[in-house]
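Next comes structure_35.cif, with mmCIF, C-alpha atoms.
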data_protein
loop_
_atom_site.label_atom_id
_atom_site.label_comp_id
_atom_site.auth_asym_id
_atom_site.auth_seq_id
_atom_site.Cartn_x
_atom_site.Cartn_y
_atom_site.Cartn_z
CA MET I 1039 -41.33 -69.54 70.77
CA VAL I 1040 -40.83 -66.17 69.12
CA LEU I 1041 -37.60 -65.29 67.37
CA ARG I 1042 -36.31 -61.74 67.29
CA GLU I 1043 -33.23 -60.73 65.34
CA TYR I 1044 -30.80 -57.89 65.86
CA SER I 1045 -27.84 -56.86 63.75
CA LEU I 1046 -24.68 -55.43 65.24
CA LYS I 1047 -21.70 -53.83 63.64
CA THR I 1048 -18.68 -54.70 65.74
CA PRO I 1049 -14.95 -54.01 65.61
CA ARG I 1050 -12.65 -56.95 64.90
CA GLU I 1051 -12.30 -57.76 68.57
CA ASP I 1052 -14.41 -56.32 71.34
CA ILE I 1053 -16.92 -57.02 74.08
CA ILE I 1054 -20.28 -55.41 73.25
CA ASP I 1055 -23.02 -54.89 75.81
CA ILE I 1056 -26.31 -56.19 74.37
CA ILE I 1057 -28.44 -56.16 77.52
CA ASP I 1058 -30.64 -53.36 76.10
CA GLN I 1059 -31.53 -55.50 73.08
CA VAL I 1060 -32.20 -58.50 75.36
CA ARG I 1061 -34.51 -56.43 77.60
CA GLU I 1062 -36.27 -54.97 74.55
CA ALA I 1063 -36.82 -58.41 73.05
CA ILE I 1064 -38.21 -59.79 76.33
CA THR I 1065 -40.62 -56.85 76.58
CA ALA I 1066 -41.59 -56.89 72.89
CA ILE I 1067 -42.25 -60.64 72.87
CA GLY I 1068 -44.02 -60.28 76.20
CA ILE I 1069 -42.20 -63.02 78.12
CA ALA I 1070 -43.45 -62.86 81.72
CA ASP I 1071 -41.86 -66.01 83.16
CA GLY I 1072 -39.76 -68.25 80.99
CA ILE I 1073 -36.44 -68.33 79.28
CA ALA I 1074 -34.75 -66.31 76.57
CA ILE I 1075 -32.05 -67.89 74.42
CA VAL I 1076 -29.57 -65.21 73.39
CA TYR I 1077 -27.77 -66.72 70.41
CA CYS I 1078 -25.20 -65.36 67.99
CA PRO I 1079 -24.92 -67.28 64.70
CA HIS I 1080 -21.42 -65.99 63.94
CA THR I 1081 -18.95 -68.72 64.85
CA THR I 1082 -16.22 -66.26 65.73
CA ALA I 1083 -18.36 -64.55 68.36
CA GLY I 1084 -19.59 -65.72 71.74
CA ILE I 1085 -22.20 -64.65 74.24
CA THR I 1086 -21.43 -64.34 77.94
CA ILE I 1087 -22.99 -62.81 81.04
CA ASN I 1088 -20.97 -60.28 82.99
CA GLU I 1089 -22.07 -57.56 85.36
CA ASN I 1090 -20.15 -54.97 83.32
CA ALA I 1091 -19.66 -52.72 86.33
CA ASP I 1092 -16.03 -51.98 85.49
CA PRO I 1093 -14.98 -51.66 81.81
CA ASP I 1094 -11.52 -52.90 82.84
CA VAL I 1095 -12.99 -56.38 83.30
CA ALA I 1096 -14.01 -56.53 79.62
CA ARG I 1097 -10.56 -55.32 78.59
CA ASP I 1098 -8.84 -57.86 80.86
CA ILE I 1099 -11.06 -60.69 79.55
CA LEU I 1100 -10.06 -59.87 75.96
CA LEU I 1101 -6.38 -59.85 76.95
CA GLY I 1102 -6.72 -63.09 78.90
CA LEU I 1103 -8.61 -64.90 76.13
CA ASP I 1104 -5.86 -63.80 73.74
CA ALA I 1105 -3.25 -65.31 76.04
CA ALA I 1106 -5.17 -68.58 76.46
CA PHE I 1107 -6.20 -68.95 72.82
CA SER I 1108 -3.58 -67.34 70.64
CA ASN I 1109 -3.03 -67.80 66.94
CA ARG I 1110 -0.38 -70.47 66.59
CA ARG I 1111 2.21 -71.04 63.92
CA GLU I 1112 0.94 -74.56 63.27
CA PHE I 1113 -2.60 -73.35 62.52
CA ARG I 1114 -3.68 -73.98 58.93
CA HIS I 1115 -7.05 -72.25 58.52
CA ALA I 1116 -6.56 -69.82 55.65
CA GLU I 1117 -8.70 -67.04 57.13
CA GLY I 1118 -6.27 -66.85 60.03
CA ASN I 1119 -9.02 -66.61 62.62
CA SER I 1120 -8.77 -70.01 64.29
CA ALA I 1121 -8.12 -68.37 67.65
CA ALA I 1122 -11.40 -66.48 67.28
CA HIS I 1123 -13.23 -69.76 66.57
CA MET I 1124 -11.66 -71.24 69.68
CA LYS I 1125 -12.61 -68.31 71.88
CA ALA I 1126 -16.16 -68.55 70.56
CA SER I 1127 -16.28 -72.27 71.41
CA ALA I 1128 -14.93 -71.64 74.90
CA VAL I 1129 -17.26 -68.72 75.65
CA GLY I 1130 -20.19 -70.35 73.85
CA SER I 1131 -22.50 -69.12 71.13
CA SER I 1132 -25.52 -68.61 73.35
CA VAL I 1133 -26.69 -68.02 76.87
CA THR I 1134 -30.01 -69.04 78.35
CA VAL I 1135 -31.45 -66.20 80.38
CA ILE I 1136 -34.12 -66.87 82.98
CA VAL I 1137 -36.97 -64.33 82.79
CA GLU I 1138 -39.14 -63.64 85.83
CA GLY I 1139 -41.80 -60.98 86.04
CA GLY I 1140 -40.82 -59.73 82.59
CA ARG I 1141 -37.22 -59.13 83.57
CA PRO I 1142 -34.02 -61.12 83.05
CA VAL I 1143 -32.72 -62.66 86.27
CA LEU I 1144 -29.13 -61.41 86.46
CA GLY I 1145 -26.61 -60.78 89.20
CA THR I 1146 -25.73 -57.38 90.60
CA MET G 1172 -41.52 -71.78 84.49
CA VAL G 1173 -40.87 -71.92 88.20
CA LEU G 1174 -37.81 -70.32 89.73
CA ARG G 1175 -36.16 -71.78 92.80
CA GLU G 1176 -33.25 -70.11 94.53
CA TYR G 1177 -30.47 -71.54 96.64
CA SER G 1178 -27.69 -69.75 98.48
CA LEU G 1179 -24.24 -71.23 98.87
CA LYS G 1180 -21.30 -70.15 100.96
CA THR G 1181 -18.17 -71.04 99.05
CA PRO G 1182 -14.45 -70.68 99.59
CA ARG G 1183 -12.57 -68.28 97.33
CA GLU G 1184 -11.86 -70.95 94.77
CA ASP G 1185 -13.45 -74.37 94.71
CA ILE G 1186 -15.68 -76.78 92.83
CA ILE G 1187 -18.89 -77.39 94.75
CA ASP G 1188 -21.24 -80.28 94.03
CA ILE G 1189 -24.80 -78.94 93.73
CA ILE G 1190 -26.50 -82.01 92.27
CA ASP G 1191 -28.54 -82.51 95.47
CA GLN G 1192 -30.04 -79.02 95.14
CA VAL G 1193 -30.74 -79.63 91.44
CA ARG G 1194 -32.52 -82.92 92.19
CA GLU G 1195 -34.46 -81.30 95.04
CA ALA G 1196 -35.58 -78.42 92.82
CA ILE G 1197 -36.69 -80.79 90.05
CA THR G 1198 -38.71 -82.82 92.55
CA ALA G 1199 -40.13 -79.80 94.38
CA ILE G 1200 -41.20 -78.06 91.17
CA GLY G 1201 -42.49 -81.36 89.88
CA ILE G 1202 -40.76 -81.40 86.49
CA ALA G 1203 -41.53 -84.76 84.88
CA ASP G 1204 -40.15 -84.22 81.38
CA GLY G 1205 -38.59 -80.93 80.43
CA ILE G 1206 -35.52 -78.87 81.13
CA ALA G 1207 -33.97 -77.26 84.16
CA ILE G 1208 -31.75 -74.22 83.76
CA VAL G 1209 -29.13 -74.24 86.51
CA TYR G 1210 -27.88 -70.66 86.63
CA CYS G 1211 -25.49 -68.84 88.93
CA PRO G 1212 -25.83 -65.02 88.89
CA HIS G 1213 -22.32 -64.44 90.27
CA THR G 1214 -20.07 -63.48 87.37
CA THR G 1215 -17.00 -65.00 88.97
CA ALA G 1216 -18.61 -68.44 89.21
CA GLY G 1217 -19.54 -70.96 86.54
CA ILE G 1218 -21.69 -74.06 86.31
CA THR G 1219 -20.44 -77.26 84.71
CA ILE G 1220 -21.43 -80.90 84.56
CA ASN G 1221 -18.93 -83.49 85.71
CA GLU G 1222 -19.43 -87.02 86.92
CA ASN G 1223 -17.50 -86.23 90.12
CA ALA G 1224 -16.42 -89.84 90.53
CA ASP G 1225 -12.85 -88.88 91.47
CA PRO G 1226 -12.23 -85.73 93.54
CA ASP G 1227 -8.82 -85.45 91.83
CA VAL G 1228 -10.61 -84.38 88.64
CA ALA G 1229 -12.07 -81.31 90.38
CA ARG G 1230 -8.67 -80.46 91.81
CA ASP G 1231 -6.98 -80.89 88.42
CA ILE G 1232 -9.64 -78.75 86.71
CA LEU G 1233 -9.00 -75.91 89.17
CA LEU G 1234 -5.25 -76.19 88.56
CA GLY G 1235 -5.68 -76.33 84.80
CA LEU G 1236 -8.09 -73.37 84.69
CA ASP G 1237 -5.56 -71.42 86.73
CA ALA G 1238 -2.88 -72.25 84.19
CA ALA G 1239 -5.06 -71.32 81.21
CA PHE G 1240 -6.56 -68.18 82.74
CA SER G 1241 -4.08 -66.68 85.13
CA ASN G 1242 -4.04 -63.18 86.55
CA ARG G 1243 -1.76 -61.14 84.32
CA ARG G 1244 0.42 -58.17 85.09
CA GLU G 1245 -1.30 -56.08 82.41
CA PHE G 1246 -4.74 -56.59 83.95
CA ARG G 1247 -6.32 -53.38 85.24
CA HIS G 1248 -9.51 -54.42 87.05
CA ALA G 1249 -9.10 -53.06 90.58
CA GLU G 1250 -10.72 -56.03 92.31
CA GLY G 1251 -7.94 -58.23 90.94
CA ASN G 1252 -10.31 -61.03 89.96
CA SER G 1253 -10.24 -60.75 86.17
CA ALA G 1254 -9.01 -64.33 85.89
CA ALA G 1255 -12.09 -65.47 87.84
CA HIS G 1256 -14.34 -63.54 85.42
CA MET G 1257 -12.58 -65.23 82.51
CA LYS G 1258 -12.91 -68.71 83.99
CA ALA G 1259 -16.62 -68.02 84.57
CA SER G 1260 -17.03 -66.96 80.92
CA ALA G 1261 -15.20 -70.05 79.69
CA VAL G 1262 -17.10 -72.49 81.91
CA GLY G 1263 -20.39 -70.62 81.50
CA SER G 1264 -22.86 -69.26 84.02
CA SER G 1265 -25.52 -71.90 83.44
CA VAL G 1266 -26.17 -75.40 82.23
CA THR G 1267 -29.37 -76.70 80.73
CA VAL G 1268 -30.23 -80.05 82.24
CA ILE G 1269 -32.62 -82.40 80.44
CA VAL G 1270 -35.16 -83.93 82.84
CA GLU G 1271 -36.87 -87.22 82.00
CA GLY G 1272 -39.18 -89.13 84.31
CA GLY G 1273 -38.50 -86.61 87.05
CA ARG G 1274 -34.74 -87.17 86.97
CA PRO G 1275 -31.88 -85.24 85.41
CA VAL G 1276 -30.37 -87.03 82.41
CA LEU G 1277 -26.68 -87.23 83.27
CA GLY G 1278 -23.81 -89.50 82.37
CA THR G 1279 -22.33 -92.16 84.60
CA MET E 982 -40.27 -82.46 75.73
CA VAL E 983 -39.19 -85.49 73.72
CA LEU E 984 -35.81 -87.09 74.24
CA ARG E 985 -33.97 -88.74 71.39
CA GLU E 986 -30.71 -90.59 71.87
CA TYR E 987 -27.88 -91.26 69.48
CA SER E 988 -24.71 -93.26 70.02
CA LEU E 989 -21.42 -92.32 68.43
CA LYS E 990 -18.15 -94.17 68.21
CA THR E 991 -15.39 -91.59 68.28
CA PRO E 992 -11.61 -91.62 68.20
CA ARG E 993 -9.78 -90.55 71.35
CA GLU E 994 -9.69 -86.93 70.26
CA ASP E 995 -11.63 -85.48 67.39
CA ILE E 996 -14.32 -83.04 66.31
CA ILE E 997 -17.33 -84.92 64.95
CA ASP E 998 -20.05 -83.24 62.88
CA ILE E 999 -23.46 -84.23 64.32
CA ILE E 1000 -25.66 -81.75 62.44
CA ASP E 1001 -27.34 -84.58 60.49
CA GLN E 1002 -28.45 -86.25 63.73
CA VAL E 1003 -29.67 -82.89 65.07
CA ARG E 1004 -31.70 -82.21 61.92
CA GLU E 1005 -33.09 -85.75 61.95
CA ALA E 1006 -34.14 -85.43 65.60
CA ILE E 1007 -35.84 -82.08 64.98
CA THR E 1008 -37.76 -83.56 62.03
CA ALA E 1009 -38.60 -86.83 63.79
CA ILE E 1010 -39.84 -85.11 66.93
CA GLY E 1011 -41.64 -82.58 64.77
CA ILE E 1012 -40.36 -79.39 66.36
CA ALA E 1013 -41.68 -76.48 64.30
CA ASP E 1014 -40.68 -73.52 66.46
CA GLY E 1015 -38.89 -74.07 69.72
CA ILE E 1016 -35.56 -75.17 71.04
CA ALA E 1017 -33.49 -78.31 70.87
CA ILE E 1018 -31.01 -79.10 73.63
CA VAL E 1019 -28.08 -81.02 72.15
CA TYR E 1020 -26.45 -82.67 75.14
CA CYS E 1021 -23.62 -85.15 75.49
CA PRO E 1022 -23.53 -87.03 78.82
CA HIS E 1023 -19.85 -87.93 78.52
CA THR E 1024 -17.88 -85.54 80.70
CA THR E 1025 -14.82 -85.69 78.48
CA ALA E 1026 -16.75 -84.48 75.45
CA GLY E 1027 -18.26 -81.11 74.63
CA ILE E 1028 -20.76 -79.74 72.14
CA THR E 1029 -20.07 -76.62 70.13
CA ILE E 1030 -21.47 -74.86 67.08
CA ASN E 1031 -19.15 -74.18 64.18
CA GLU E 1032 -19.88 -73.57 60.53
CA ASN E 1033 -17.50 -76.40 59.56
CA ALA E 1034 -16.77 -74.81 56.19
CA ASP E 1035 -13.04 -75.49 56.41
CA PRO E 1036 -11.82 -78.72 58.08
CA ASP E 1037 -8.65 -76.86 59.06
CA VAL E 1038 -10.67 -74.92 61.64
CA ALA E 1039 -11.57 -78.14 63.48
CA ARG E 1040 -7.94 -79.25 63.37
CA ASP E 1041 -6.74 -75.86 64.64
CA ILE E 1042 -9.34 -75.85 67.44
CA LEU E 1043 -8.09 -79.26 68.64
CA LEU E 1044 -4.50 -78.01 68.58
CA GLY E 1045 -5.40 -74.78 70.35
CA LEU E 1046 -7.46 -76.50 73.04
CA ASP E 1047 -4.50 -78.81 73.63
CA ALA E 1048 -2.25 -75.79 74.09
CA ALA E 1049 -4.67 -74.04 76.45
CA PHE E 1050 -5.62 -77.12 78.47
CA SER E 1051 -2.72 -79.52 78.49
CA ASN E 1052 -2.12 -82.44 80.81
CA ARG E 1053 0.09 -81.14 83.61
CA ARG E 1054 2.64 -82.89 85.73
CA GLU E 1055 0.85 -81.89 88.93
CA PHE E 1056 -2.42 -83.51 87.84
CA ARG E 1057 -3.46 -86.42 90.03
CA HIS E 1058 -6.49 -87.99 88.34
CA ALA E 1059 -5.52 -91.62 87.77
CA GLU E 1060 -7.24 -91.92 84.39
CA GLY E 1061 -4.91 -89.23 83.06
CA ASN E 1062 -7.66 -87.42 81.21
CA SER E 1063 -8.03 -84.27 83.33
CA ALA E 1064 -7.24 -82.09 80.31
CA ALA E 1065 -10.16 -83.70 78.49
CA HIS E 1066 -12.46 -82.92 81.43
CA MET E 1067 -11.26 -79.31 81.35
CA LYS E 1068 -11.80 -78.96 77.61
CA ALA E 1069 -15.31 -80.37 78.05
CA SER E 1070 -16.04 -77.83 80.80
CA ALA E 1071 -14.73 -74.97 78.67
CA VAL E 1072 -16.59 -76.00 75.53
CA GLY E 1073 -19.68 -77.08 77.47
CA SER E 1074 -21.67 -80.30 77.49
CA SER E 1075 -24.64 -78.95 75.57
CA VAL E 1076 -25.82 -76.32 73.17
CA THR E 1077 -29.31 -74.91 72.90
CA VAL E 1078 -30.34 -74.69 69.27
CA ILE E 1079 -33.17 -72.41 68.22
CA VAL E 1080 -35.56 -74.12 65.80
CA GLU E 1081 -37.70 -72.07 63.44
CA GLY E 1082 -39.89 -73.48 60.70
CA GLY E 1083 -38.64 -76.96 61.50
CA ARG E 1084 -35.00 -76.01 60.92
CA PRO E 1085 -32.15 -75.16 63.26
CA VAL E 1086 -31.23 -71.46 63.15
CA LEU E 1087 -27.49 -71.52 62.42
CA GLY E 1088 -25.00 -69.16 60.81
CA THR E 1089 -23.59 -69.53 57.33
#

For the file at hand, write its structure as C-alpha cells.
Amino acid sequence: MVLREYSLKTPREDIIDIIDQVREAITAIGIADGIAIVYCPHTTAGITINENADPDVARDILLGLDAAFSNRREFRHAEGNSAAHMKASAVGSSVTVIVEGGRPVLGT
Amino acid sequence: MVLREYSLKTPREDIIDIIDQVREAITAIGIADGIAIVYCPHTTAGITINENADPDVARDILLGLDAAFSNRREFRHAEGNSAAHMKASAVGSSVTVIVEGGRPVLGT
Amino acid sequence: MVLREYSLKTPREDIIDIIDQVREAITAIGIADGIAIVYCPHTTAGITINENADPDVARDILLGLDAAFSNRREFRHAEGNSAAHMKASAVGSSVTVIVEGGRPVLGT
C-alpha cells in the first residue's frame, strides 16, 4: 500500500470534485489493477461518488442533506456543527474505488 | 484483483437482492480469504448489507429513505432525480465484503 | 487477510468507541501498511469514524439520526426496528481504515 496525501481548502459547505487528484494518485502510485481508498480524515466531511454531469445535482444534494440533517435546538455540541458530523457519517468518510487498467472504474 | 461485471434490470425504485451474484463472483474468482468490493457505478443506486429475513424491512427502508430524502420544490436538477442521488450518497455506492474460507462473512 | 472477531454488549441505542479494539487488531495481526476493514455483521448497527473529542457530538448524532430516520406508522416490519435498519444502511456496516506504520490513519 502507498499513501498519498492532498490538502484542500474548502468553503464551509460545498461539494468539491476531487477526481483529478484521485486519477493523479492512481497514476503516480502506478496502480494497474487494484483498489484505491479515497479517505478524508476530517469528521465533518464525507466522500461520495457522483457523475457530476449537472452541477444542479450537487446543489440539490447539499440542500437535501440540510433538510435531512439539520441543526436542532436540542443539540449540545459547542462547536455547533453536529449536523455536519451527521452528514459526514451518512455520506461516509471514504470510498473504495476499483482500479482497472490504471483507471478508476466509474459510471458514465 | 479480478473484476467481474453483472447487469441488472431494475424497477424505478426497489431493493434487489444480489447476494447470489456476489457468492457466484467470489467462487468464480476463487477468493479464499480476502475482500470483495461490491460496487454499483450508477449514481442513483446504492449497495447495502441487510439480512433480508423479512421483506417488510426492505419496504420500510424504501419508505423511510423517501421520507428522509424527498424531492424538494427548490431542487433544480432537470432529470428530477436529485432525491435518488442523495439516497445513493447516503447508502453508498459500494460495500466491502470480507471473504473467509471462500464465503462472504455476513450476519444471520 | 486475517480476520479477528470481537463481541460487544451494547445498549439498545448508543455510539460505542471501538478504536481500542481496532488498534489491538492491527497490532495483533501485524499490519504495517495496508487496510483494515472494520465490519459489523449486525444489520441494525453501523460503523462510522468520528474524532470523539466531545461526547455531545455522539449524543447529537443519535438525536439527529432519530429525527431523520424515525419509526413511521406505515412501517410493517414486525420487529419494529425498521428505523434502526435504515440508520445502519445510511451509516454503513463497515469502514475501511488505512494503516500506515502500524497505526490507523485518522484525523485529529

Write out chain E, as a tab-separated table (two decimals) with C-alpha atoms, in the frame of the given file, after superposing it onto chain I by least squares using every C-alpha atom paired in order.
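And here's result_26.tsv as it stands now:
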chain	number	residue	atom	x	y	z
E	982	MET	CA	-41.31	-69.54	70.78
E	983	VAL	CA	-40.82	-66.16	69.12
E	984	LEU	CA	-37.60	-65.29	67.36
E	985	ARG	CA	-36.31	-61.74	67.29
E	986	GLU	CA	-33.24	-60.73	65.33
E	987	TYR	CA	-30.81	-57.90	65.85
E	988	SER	CA	-27.84	-56.88	63.74
E	989	LEU	CA	-24.68	-55.44	65.23
E	990	LYS	CA	-21.69	-53.83	63.62
E	991	THR	CA	-18.67	-54.71	65.73
E	992	PRO	CA	-14.96	-54.02	65.61
E	993	ARG	CA	-12.65	-56.95	64.90
E	994	GLU	CA	-12.30	-57.76	68.58
E	995	ASP	CA	-14.40	-56.32	71.33
E	996	ILE	CA	-16.92	-57.02	74.08
E	997	ILE	CA	-20.26	-55.41	73.23
E	998	ASP	CA	-23.01	-54.89	75.81
E	999	ILE	CA	-26.31	-56.19	74.36
E	1000	ILE	CA	-28.43	-56.14	77.52
E	1001	ASP	CA	-30.64	-53.36	76.10
E	1002	GLN	CA	-31.52	-55.50	73.08
E	1003	VAL	CA	-32.20	-58.48	75.36
E	1004	ARG	CA	-34.51	-56.44	77.59
E	1005	GLU	CA	-36.26	-54.96	74.56
E	1006	ALA	CA	-36.82	-58.42	73.05
E	1007	ILE	CA	-38.20	-59.79	76.32
E	1008	THR	CA	-40.62	-56.85	76.58
E	1009	ALA	CA	-41.59	-56.89	72.90
E	1010	ILE	CA	-42.25	-60.63	72.86
E	1011	GLY	CA	-44.01	-60.30	76.19
E	1012	ILE	CA	-42.20	-63.01	78.12
E	1013	ALA	CA	-43.43	-62.88	81.71
E	1014	ASP	CA	-41.86	-66.01	83.16
E	1015	GLY	CA	-39.76	-68.26	81.00
E	1016	ILE	CA	-36.43	-68.32	79.27
E	1017	ALA	CA	-34.75	-66.31	76.56
E	1018	ILE	CA	-32.06	-67.89	74.42
E	1019	VAL	CA	-29.56	-65.22	73.39
E	1020	TYR	CA	-27.77	-66.72	70.41
E	1021	CYS	CA	-25.21	-65.35	67.99
E	1022	PRO	CA	-24.92	-67.28	64.70
E	1023	HIS	CA	-21.42	-65.99	63.94
E	1024	THR	CA	-18.95	-68.71	64.86
E	1025	THR	CA	-16.22	-66.24	65.73
E	1026	ALA	CA	-18.36	-64.54	68.35
E	1027	GLY	CA	-19.58	-65.73	71.73
E	1028	ILE	CA	-22.20	-64.66	74.25
E	1029	THR	CA	-21.42	-64.35	77.93
E	1030	ILE	CA	-22.98	-62.81	81.02
E	1031	ASN	CA	-20.97	-60.29	82.98
E	1032	GLU	CA	-22.07	-57.57	85.35
E	1033	ASN	CA	-20.15	-54.97	83.30
E	1034	ALA	CA	-19.66	-52.74	86.34
E	1035	ASP	CA	-16.03	-52.00	85.51
E	1036	PRO	CA	-14.98	-51.66	81.84
E	1037	ASP	CA	-11.53	-52.90	82.85
E	1038	VAL	CA	-13.00	-56.39	83.31
E	1039	ALA	CA	-14.01	-56.54	79.64
E	1040	ARG	CA	-10.57	-55.32	78.60
E	1041	ASP	CA	-8.86	-57.87	80.86
E	1042	ILE	CA	-11.08	-60.70	79.57
E	1043	LEU	CA	-10.07	-59.86	75.97
E	1044	LEU	CA	-6.40	-59.84	76.96
E	1045	GLY	CA	-6.72	-63.08	78.90
E	1046	LEU	CA	-8.61	-64.88	76.14
E	1047	ASP	CA	-5.88	-63.79	73.74
E	1048	ALA	CA	-3.27	-65.29	76.05
E	1049	ALA	CA	-5.18	-68.56	76.47
E	1050	PHE	CA	-6.21	-68.94	72.83
E	1051	SER	CA	-3.61	-67.33	70.64
E	1052	ASN	CA	-3.05	-67.79	66.94
E	1053	ARG	CA	-0.39	-70.48	66.59
E	1054	ARG	CA	2.19	-71.03	63.93
E	1055	GLU	CA	0.93	-74.55	63.26
E	1056	PHE	CA	-2.61	-73.35	62.51
E	1057	ARG	CA	-3.69	-73.98	58.94
E	1058	HIS	CA	-7.06	-72.25	58.53
E	1059	ALA	CA	-6.57	-69.83	55.63
E	1060	GLU	CA	-8.71	-67.06	57.12
E	1061	GLY	CA	-6.28	-66.86	60.03
E	1062	ASN	CA	-9.02	-66.60	62.62
E	1063	SER	CA	-8.78	-70.01	64.30
E	1064	ALA	CA	-8.13	-68.36	67.67
E	1065	ALA	CA	-11.40	-66.48	67.28
E	1066	HIS	CA	-13.23	-69.75	66.57
E	1067	MET	CA	-11.66	-71.25	69.70
E	1068	LYS	CA	-12.61	-68.30	71.88
E	1069	ALA	CA	-16.17	-68.55	70.56
E	1070	SER	CA	-16.28	-72.27	71.42
E	1071	ALA	CA	-14.93	-71.62	74.91
E	1072	VAL	CA	-17.26	-68.73	75.65
E	1073	GLY	CA	-20.19	-70.36	73.85
E	1074	SER	CA	-22.51	-69.12	71.13
E	1075	SER	CA	-25.52	-68.61	73.36
E	1076	VAL	CA	-26.69	-68.02	76.87
E	1077	THR	CA	-30.01	-69.04	78.35
E	1078	VAL	CA	-31.44	-66.20	80.39
E	1079	ILE	CA	-34.11	-66.86	82.98
E	1080	VAL	CA	-36.95	-64.33	82.79
E	1081	GLU	CA	-39.13	-63.65	85.82
E	1082	GLY	CA	-41.78	-60.96	86.04
E	1083	GLY	CA	-40.83	-59.75	82.59
E	1084	ARG	CA	-37.20	-59.13	83.57
E	1085	PRO	CA	-34.01	-61.10	83.04
E	1086	VAL	CA	-32.71	-62.66	86.27
E	1087	LEU	CA	-29.12	-61.41	86.45
E	1088	GLY	CA	-26.60	-60.78	89.21
E	1089	THR	CA	-25.67	-57.39	90.58

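Remark: for Gly1084 in chain I, the closest of the candidate residues G:Gly1205, G:Arg1175, G:Arg1243, G:Gly1263 is G:Gly1263 (distances computed over only C-alpha atoms).
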
Near Gly1139 in chain I, within 12 Å and counting all atoms listed in the file, which residues show up once chain neighbours fewer than 6 positions away are dropped, as a PyMOL selection string?
-> (chain I and resi 1064-1065+1068-1073) or (chain G and resi 1172-1174)

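Between CA of Ile1136 in chain I and CA of Val1270 in chain G the interatomic distance comes to 17.1 Å.
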
Answer key for the PyMOL selection byres ((chain G and resi 1195) around 12), residues as a ChimeraX atom specification | /G:1175-1177,1189-1194,1196-1202,1207,1273-1275

Dump C-alpha atoms for the selected residues as a short mmCIF file (atom, residue, chain, number, x, y, z; two decimals), keeping the file's coordinate frame?
data_model
loop_
_atom_site.label_atom_id
_atom_site.label_comp_id
_atom_site.auth_asym_id
_atom_site.auth_seq_id
_atom_site.Cartn_x
_atom_site.Cartn_y
_atom_site.Cartn_z
CA ARG G 1175 -36.16 -71.78 92.80
CA GLU G 1176 -33.25 -70.11 94.53
CA TYR G 1177 -30.47 -71.54 96.64
CA ILE G 1189 -24.80 -78.94 93.73
CA ILE G 1190 -26.50 -82.01 92.27
CA ASP G 1191 -28.54 -82.51 95.47
CA GLN G 1192 -30.04 -79.02 95.14
CA VAL G 1193 -30.74 -79.63 91.44
CA ARG G 1194 -32.52 -82.92 92.19
CA ALA G 1196 -35.58 -78.42 92.82
CA ILE G 1197 -36.69 -80.79 90.05
CA THR G 1198 -38.71 -82.82 92.55
CA ALA G 1199 -40.13 -79.80 94.38
CA ILE G 1200 -41.20 -78.06 91.17
CA GLY G 1201 -42.49 -81.36 89.88
CA ILE G 1202 -40.76 -81.40 86.49
CA ALA G 1207 -33.97 -77.26 84.16
CA GLY G 1273 -38.50 -86.61 87.05
CA ARG G 1274 -34.74 -87.17 86.97
CA PRO G 1275 -31.88 -85.24 85.41
#

Residues near Asp1104 in chain I, cut-off 12 Å, only C-alpha atoms, skip fewer than 6 positions along chain, as a PyMOL selection string | (chain I and resi 1051-1052+1097-1098+1110+1119-1126) or (chain G and resi 1239-1241+1243+1257) or (chain E and resi 1045+1049)

List every protein, DNA or RNA residue that has an atom no more than 12 Å from (-19.5, -85.4, 78.0) in the file's coordinate frame, counting all atoms listed in the file, and report them as a ChimeraX atom specification.
-> /G:1219-1222,1276-1279 /E:989,1019-1029,1065-1075

Would you work out the distance separating CA of Asp1037 in chain E from CA of Pro1049 in chain I, expressed in Å to one decimal?
-> 24.6 Å

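What separates CA of Val1095 in chain I from CA of Val1133 in chain I is a distance of 19.1 Å.
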
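Ranking G:Ile1186, G:Ala1224, G:Ile1208, G:Val1268 by their shortest atom-to-atom distance to chain I, with only C-alpha atoms included, puts G:Ile1208 first.
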
Choose the residue, out of I:Asp1092, I:Thr1048, I:Ala1105, I:Thr1134, that has the smallest atom-to-atom separation from Gly1251 in chain G; count only C-alpha atoms.
-> I:Asp1092

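For the choices I:His1115, I:Asn1109, I:Glu1138, I:Asn1090, the atom-to-atom distance to chain E is smallest for I:His1115 when using only C-alpha atoms.
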